[in-house]
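The structure appears right after this line, and notes come after that.
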Amino acid sequence: MEGIVKFCGGVLAAVMAVILVRQSKSEFHTVVGITAAVAAGLYCVTLMAGFGGTLRDAAGRFGIDGNDFATVFKIIGVCLVCDFSADFCRESGLNALAGNVELAGKLAIAAITLPLAVELLEVTVQVLGR
């Protein structure tokens, strides 16, 4: 709880810094905003890193393949990276490029999940007895 409060406080301080810099030196507000966004993104990645051990333990207890959890983490990572990149593009005024980043993310997720879909189809065929 304390960590997220500090994080949100830091983000609010960064927003205020961007607003102040925008009023005085408009050419630097983008740099300040991008720096804050990168710092916030890195903090989010460190938060996610803590989930790995817990999920690995849960997978072992329930007899779930660890590769399935790895796939989920890859998907979450792709979502976060693409969302961050697309927001960065939009902030810079490059909406078309942001759309392409989002499309690339969707295609990457489709490629990551394809082996799981094939595995699901195999299990379904076995259950149906074909």
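Ordered as shown in the structure tokens, chains take letters A, B, and onward, while each chain numbers its residues from 1 and ligands are numbered from 1 in the order shown.
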I want to know what sits within 12 Å of Gly77 (chain A), based on only C-alpha atoms, with residues of the same chain fewer than 2 positions away left out; could you give that as a list of chain:residue names? A:Gly41, A:Leu42, A:Cys44, A:Val45, A:Thr46, A:Leu47, A:Met48, A:Ala49, A:Ala70, A:Thr71, A:Val72, A:Phe73, A:Lys74, A:Ile75, A:Cys79, A:Leu80, A:Val81, A:Cys82, A:Asp83, A:Phe84, A:Gly105, A:Ala108, A:Ile109, A:Ile112
Kindly export the residues of the current selection with C-alpha atoms, as an mmCIF file, in the first residue's frame.
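Listing of result_0.cif after writing:
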data_model
loop_
_atom_site.group_PDB
_atom_site.id
_atom_site.type_symbol
_atom_site.label_atom_id
_atom_site.label_comp_id
_atom_site.auth_asym_id
_atom_site.auth_seq_id
_atom_site.Cartn_x
_atom_site.Cartn_y
_atom_site.Cartn_z
ATOM 1 C CA GLY A 41 6.866 2.125 -16.576
ATOM 2 C CA LEU A 42 10.014 0.757 -14.963
ATOM 3 C CA CYS A 44 5.411 -1.190 -13.009
ATOM 4 C CA VAL A 45 7.842 -3.756 -14.384
ATOM 5 C CA THR A 46 9.450 -4.148 -10.945
ATOM 6 C CA LEU A 47 5.986 -4.712 -9.450
ATOM 7 C CA MET A 48 5.308 -7.449 -11.974
ATOM 8 C CA ALA A 49 8.599 -9.178 -11.226
ATOM 9 C CA ALA A 70 5.248 -18.007 -18.663
ATOM 10 C CA THR A 71 2.931 -17.490 -21.608
ATOM 11 C CA VAL A 72 0.593 -15.378 -19.492
ATOM 12 C CA PHE A 73 3.531 -13.265 -18.327
ATOM 13 C CA LYS A 74 4.716 -12.787 -21.896
ATOM 14 C CA ILE A 75 1.241 -11.600 -22.864
ATOM 15 C CA CYS A 79 0.430 -5.513 -23.379
ATOM 16 C CA LEU A 80 2.336 -3.213 -21.062
ATOM 17 C CA VAL A 81 5.152 -2.469 -23.510
ATOM 18 C CA CYS A 82 2.797 -1.837 -26.411
ATOM 19 C CA ASP A 83 0.438 0.291 -24.329
ATOM 20 C CA PHE A 84 3.358 2.367 -23.068
ATOM 21 C CA GLY A 105 1.068 -6.002 -30.031
ATOM 22 C CA ALA A 108 2.503 -10.692 -31.051
ATOM 23 C CA ILE A 109 -0.130 -11.861 -28.560
ATOM 24 C CA ILE A 112 2.346 -16.199 -28.323
#
Spatial neighbours of Thr30 (chain A), max dist 10 Å, only C-alpha atoms, sep filter under 4 positions, as a list in words:
Val18, Val21, Arg22, Ser26, Ile34, Thr35, Ala36, Glu91 and Ser92 of chain A
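Closest approach to Lys6 (chain A) from the set A:Leu20, A:Leu116, A:Val32, A:Ala40 is made by A:Ala40, with distances taken over only C-alpha atoms.
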